[in-house]
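Everything below belongs to upload.txt, which stores compact mmCIF, C-alpha atoms.
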# COMPACT_ATOMS: atom_id res chain seq x y z
CA MET A 24 100.17 95.73 89.41
CA GLU A 25 97.45 97.79 91.10
CA HIS A 26 96.12 94.64 92.79
CA THR A 27 99.52 94.01 94.34
CA LEU A 28 99.99 97.59 95.49
CA ALA A 29 96.51 97.56 97.05
CA ARG A 30 97.72 94.81 99.41
CA ILE A 31 100.94 96.58 100.45
CA PRO A 32 100.41 99.41 102.95
CA GLN A 33 102.12 102.62 101.87
CA GLU A 34 104.25 103.07 104.99
CA GLU A 35 105.15 99.46 105.80
CA SER A 36 108.59 97.92 105.36
CA TRP A 37 107.41 94.64 103.92
CA HIS A 38 109.45 92.02 102.12
CA ILE A 39 108.16 91.29 98.62
CA ALA A 40 109.25 88.60 96.16
CA ASP A 41 108.83 88.80 92.39
CA LEU A 42 109.39 85.30 91.01
CA GLY A 43 110.45 85.07 87.38
CA THR A 44 111.08 88.79 87.18
CA GLY A 45 112.29 88.86 83.57
CA CYS A 46 113.13 92.48 82.73
CA GLY A 47 112.02 93.45 86.24
CA ALA A 48 108.95 95.52 85.33
CA ILE A 49 106.81 94.33 88.27
CA ALA A 50 109.61 94.37 90.84
CA LEU A 51 110.80 97.81 89.74
CA ALA A 52 107.28 99.26 89.85
CA ILE A 53 106.75 97.93 93.37
CA ALA A 54 110.18 99.20 94.46
CA ALA A 55 109.35 102.66 93.11
CA GLU A 56 105.83 102.81 94.56
CA ARG A 57 106.74 101.31 97.95
CA PRO A 58 110.25 102.62 98.70
CA LYS A 59 110.21 101.35 102.31
CA CYS A 60 109.71 97.76 101.12
CA ARG A 61 112.52 95.38 100.29
CA ILE A 62 112.01 93.56 96.98
CA THR A 63 113.71 90.31 96.01
CA ALA A 64 113.48 89.70 92.27
CA THR A 65 114.34 86.20 91.08
CA ASP A 66 114.78 84.59 87.70
CA ILE A 67 116.36 81.42 86.35
CA SER A 68 117.99 83.42 83.55
CA ASN A 69 121.15 85.39 84.27
CA ASN A 70 120.52 87.32 81.05
CA ALA A 71 117.08 88.41 82.25
CA LEU A 72 118.52 89.43 85.61
CA ALA A 73 121.20 91.50 83.89
CA VAL A 74 118.48 93.44 82.04
CA ALA A 75 116.47 93.87 85.26
CA ARG A 76 119.55 95.00 87.18
CA LYS A 77 120.39 97.54 84.47
CA ASN A 78 116.80 98.86 84.57
CA SER A 79 117.03 99.15 88.36
CA GLU A 80 120.28 101.10 88.13
CA ARG A 81 118.82 103.39 85.48
CA LEU A 82 115.91 104.15 87.82
CA ALA A 83 118.21 104.47 90.87
CA LEU A 84 116.21 101.98 92.95
CA ALA A 85 118.15 100.84 96.00
CA ASN A 86 115.45 98.69 97.66
CA ILE A 87 115.66 95.76 95.27
CA GLU A 88 117.99 92.77 95.06
CA PHE A 89 118.31 90.24 92.26
CA ARG A 90 118.85 86.52 92.79
CA CYS A 91 119.32 83.79 90.21
CA GLY A 92 117.51 80.50 90.63
CA ASP A 93 114.43 78.45 89.88
CA TRP A 94 111.36 79.90 91.60
CA PHE A 95 111.76 79.56 95.37
CA ALA A 96 115.29 78.14 95.20
CA ALA A 97 116.57 81.67 94.63
CA ALA A 98 114.74 82.89 97.74
CA ALA A 99 116.29 80.21 99.96
CA SER A 100 114.49 80.02 103.29
CA ARG A 101 113.23 83.61 103.29
CA ARG A 102 109.63 84.46 104.12
CA PHE A 103 107.77 87.27 102.42
CA ASP A 104 104.70 89.40 103.07
CA VAL A 105 103.74 89.26 99.39
CA ILE A 106 104.83 87.06 96.51
CA VAL A 107 104.02 88.03 92.93
CA ALA A 108 104.71 85.99 89.82
CA ASN A 109 104.10 86.20 86.12
CA PRO A 110 105.34 82.72 85.25
CA PRO A 111 105.21 80.88 81.94
CA TYR A 112 101.67 79.58 81.39
CA VAL A 113 101.45 78.56 77.74
CA ALA A 114 100.87 74.89 76.93
CA GLN A 115 103.63 73.01 75.09
CA GLU A 116 101.65 72.54 71.87
CA SER A 117 99.85 75.89 71.92
CA SER A 118 100.19 78.33 69.05
CA HIS A 119 99.96 81.29 71.49
CA ALA A 120 103.75 81.35 71.91
CA ASP A 121 104.10 82.19 68.21
CA GLN A 122 101.70 85.13 68.25
CA ARG A 123 102.78 88.60 67.27
CA GLY A 124 104.94 90.18 69.95
CA LEU A 125 105.77 86.88 71.64
CA GLN A 126 107.99 85.42 68.94
CA PHE A 127 110.98 87.26 70.44
CA GLU A 128 110.42 85.95 73.99
CA PRO A 129 112.54 82.99 75.11
CA ARG A 130 110.49 79.75 75.12
CA LEU A 131 111.55 79.31 78.76
CA ALA A 132 109.56 82.46 79.62
CA LEU A 133 106.40 81.22 77.89
CA ILE A 134 106.01 77.41 77.90
CA SER A 135 105.13 75.55 81.09
CA GLY A 136 104.55 71.89 80.41
CA ALA A 137 101.93 70.03 78.41
CA HIS A 138 99.00 72.03 79.81
CA GLY A 139 100.79 75.30 80.62
CA ILE A 140 100.25 74.97 84.36
CA ASP A 141 103.49 73.39 85.64
CA ALA A 142 105.08 76.64 86.87
CA LEU A 143 101.81 77.85 88.41
CA LYS A 144 101.45 74.54 90.26
CA THR A 145 104.99 74.83 91.66
CA ILE A 146 104.52 78.43 92.76
CA VAL A 147 101.09 78.00 94.38
CA THR A 148 101.94 74.76 96.21
CA HIS A 149 105.23 76.09 97.61
CA ALA A 150 104.09 79.64 98.40
CA PRO A 151 102.74 78.82 101.89
CA TYR A 152 106.27 77.83 102.96
CA HIS A 153 107.69 81.16 101.82
CA LEU A 154 104.98 83.55 103.02
CA LYS A 155 104.57 85.04 106.45
CA PRO A 156 101.22 84.29 108.14
CA GLY A 157 98.59 86.42 106.41
CA GLY A 158 100.83 86.86 103.37
CA TRP A 159 99.48 87.26 99.85
CA LEU A 160 100.25 85.43 96.63
CA LEU A 161 99.32 87.03 93.30
CA VAL A 162 99.93 85.20 90.02
CA GLU A 163 99.24 86.01 86.42
CA HIS A 164 97.88 83.13 84.36
CA GLY A 165 96.26 82.34 81.04
CA PHE A 166 92.72 83.59 80.46
CA ASP A 167 91.46 79.99 80.53
CA GLN A 168 93.38 78.87 83.63
CA ALA A 169 91.49 80.71 86.40
CA CYS A 170 89.56 77.63 87.56
CA ALA A 171 92.69 75.48 87.69
CA VAL A 172 94.61 78.15 89.61
CA ARG A 173 91.71 78.61 92.03
CA GLN A 174 91.71 74.85 92.69
CA LEU A 175 95.47 74.92 93.29
CA MET A 176 95.02 77.77 95.76
CA LEU A 177 92.23 75.98 97.60
CA SER A 178 94.27 72.76 97.74
CA SER A 179 97.18 74.71 99.25
CA ALA A 180 94.94 76.23 101.96
CA GLY A 181 94.65 79.60 100.28
CA ARG A 182 91.94 81.91 101.60
CA ASN A 183 90.33 85.13 100.44
CA ILE A 184 90.81 84.04 96.84
CA ALA A 185 90.18 86.78 94.30
CA LEU A 186 90.19 86.84 90.52
CA PHE A 187 90.96 89.95 88.51
CA ARG A 188 90.47 90.74 84.85
CA ASP A 189 92.92 92.47 82.57
CA TYR A 190 92.05 95.54 80.51
CA ALA A 191 90.62 93.29 77.80
CA GLY A 192 88.17 91.84 80.32
CA LEU A 193 89.89 88.45 80.52
CA ASP A 194 90.46 86.54 83.78
CA ARG A 195 94.23 86.92 84.18
CA ILE A 196 95.29 87.41 87.82
CA SER A 197 94.47 85.31 90.85
CA ALA A 198 95.30 86.23 94.42
CA CYS A 199 95.01 84.42 97.72
CA GLN A 200 96.06 84.86 101.30
CA PHE A 201 97.63 82.19 103.50
CA CYS A 202 96.28 82.59 107.06
CA TYR A 203 98.04 79.82 108.95
CA SER A 204 99.69 80.15 112.33
Show me this structure written as structure tokens.
Amino acid sequence: MEHTLARIPQEESWHIADLGTGCGAIALAIAAERPKCRITATDISNNALAVARKNSERLALANIEFRCGDWFAAAASRRFDVIVANPPYVAQESSHADQRGLQFEPRLALISGAHGIDALKTIVTHAPYHLKPGGWLLVEHGFDQACAVRQLMLSSAGRNIALFRDYAGLDRISACQFCYS
């Protein structure tokens, strides 16, 4: 979260997308910390969006909208200054989805193809078409997926690529900027 906020100037009225918002934690935190920004939170699950919407109402956040759809389909042709995503990134046959605390999560929110990278590939390769010039993409990924995500970002013309570790010291967030004209 702090890596996203560091890229959003305090007084700007930027447009931010949170893809796969789930309960809305990331979108709601950005909306609260950057009240001048307009946040679009998307998810393929209407049930998840209902939870996120309820959380938004409870926090009285008026600068956030919720849209149902698969990744960028929910954003239509909009362009954003920043896109954040915490997509599914667990491999189909991995036992990580059954670990303590994750057994209650919907499989749709965890599993992303045979190698766990399908959603990340979709998001990174389509992000340049939904970001304003100079816009940032930040994605959470598995601790062992940093190299693959970096390669996806490079292949999609991402620049200023950065990798961040979580509090356990694991490589978990990658960011890049798209500087096209």
Q) Please, what distance in Å, to one decimal, runs between atom CA of A:Ala150 and atom CA of A:Ala191? A) 28.1 Å
Q: Might you pull out every residue within 10 Å of A:Pro151, with all atoms listed in the file counted and same-chain residues fewer than 6 positions away left off, and present them as number ranges by chain?
A: A: 102-103, 157-160, 176, 179-181, 200-203
Q: For A:His153, work out the shell of residues within 12 Å, counting only C-alpha atoms and skipping chain neighbours fewer than 2 positions away, then give it as a VMD selection string.
A: chain A and resid 38 to 40 42 94 to 107 146 to 151 155 to 160 201
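Among the candidates A:Leu161, A:Leu143, A:Cys46, A:Ile87, the residue lying nearest to A:Asn69 is A:Cys46 (atoms considered: only C-alpha atoms).
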Q.
Can you pull out the residues contacting A:Ala108? Cut-off 8 Å, using only C-alpha atoms, and skip same-chain residues under 3 positions away; I want them as an NGL selection string.
A. :A and (41-44 or 161-163)
Q | Nearest residue to A:Ala171 from the set A:Asp141, A:Asp189, A:Arg90, A:Ser68 (distances using all atoms listed in the file) | A | A:Asp141
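The two atoms in question, atom CA of A:Leu82 and atom CA of A:Tyr190, are spaced 26.4 Å apart.
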**Q.** Between atom CA of A:Ala48 and atom CA of A:Asn78, distance in Å (one decimal)
**A.** 8.6 Å
Q. Looking at A:Lys59, A:Arg182, A:Lys77, A:Arg173, which one is nearest to A:Ile196, with distances taken over only C-alpha atoms?
A. A:Arg173
Q | For A:Leu193: contacts at 10 Å, only C-alpha atoms, fewer than 5 positions along chain excluded, given as number ranges by chain | A | A: 165-167, 169, 187-188
**Q.** Cut-off 8 Å around (109.7, 97.1, 97.8) with only C-alpha atoms: residues as a PyMOL selection string
**A.** chain A and resi 36-39+50+53-62+86-87
Q: Using only C-alpha atoms, collect all residues at a distance of at most 8 Å from (121.5, 88.9, 89.4) as written in the file, then present them as a count of residues only.
A: 9
Q | Nearby residues (only C-alpha atoms) at most 8 Å from A:Ser79, same-chain spacing under 5 positions excluded, as a PyMOL selection string | A | chain A and resi 47+51+84-85+87
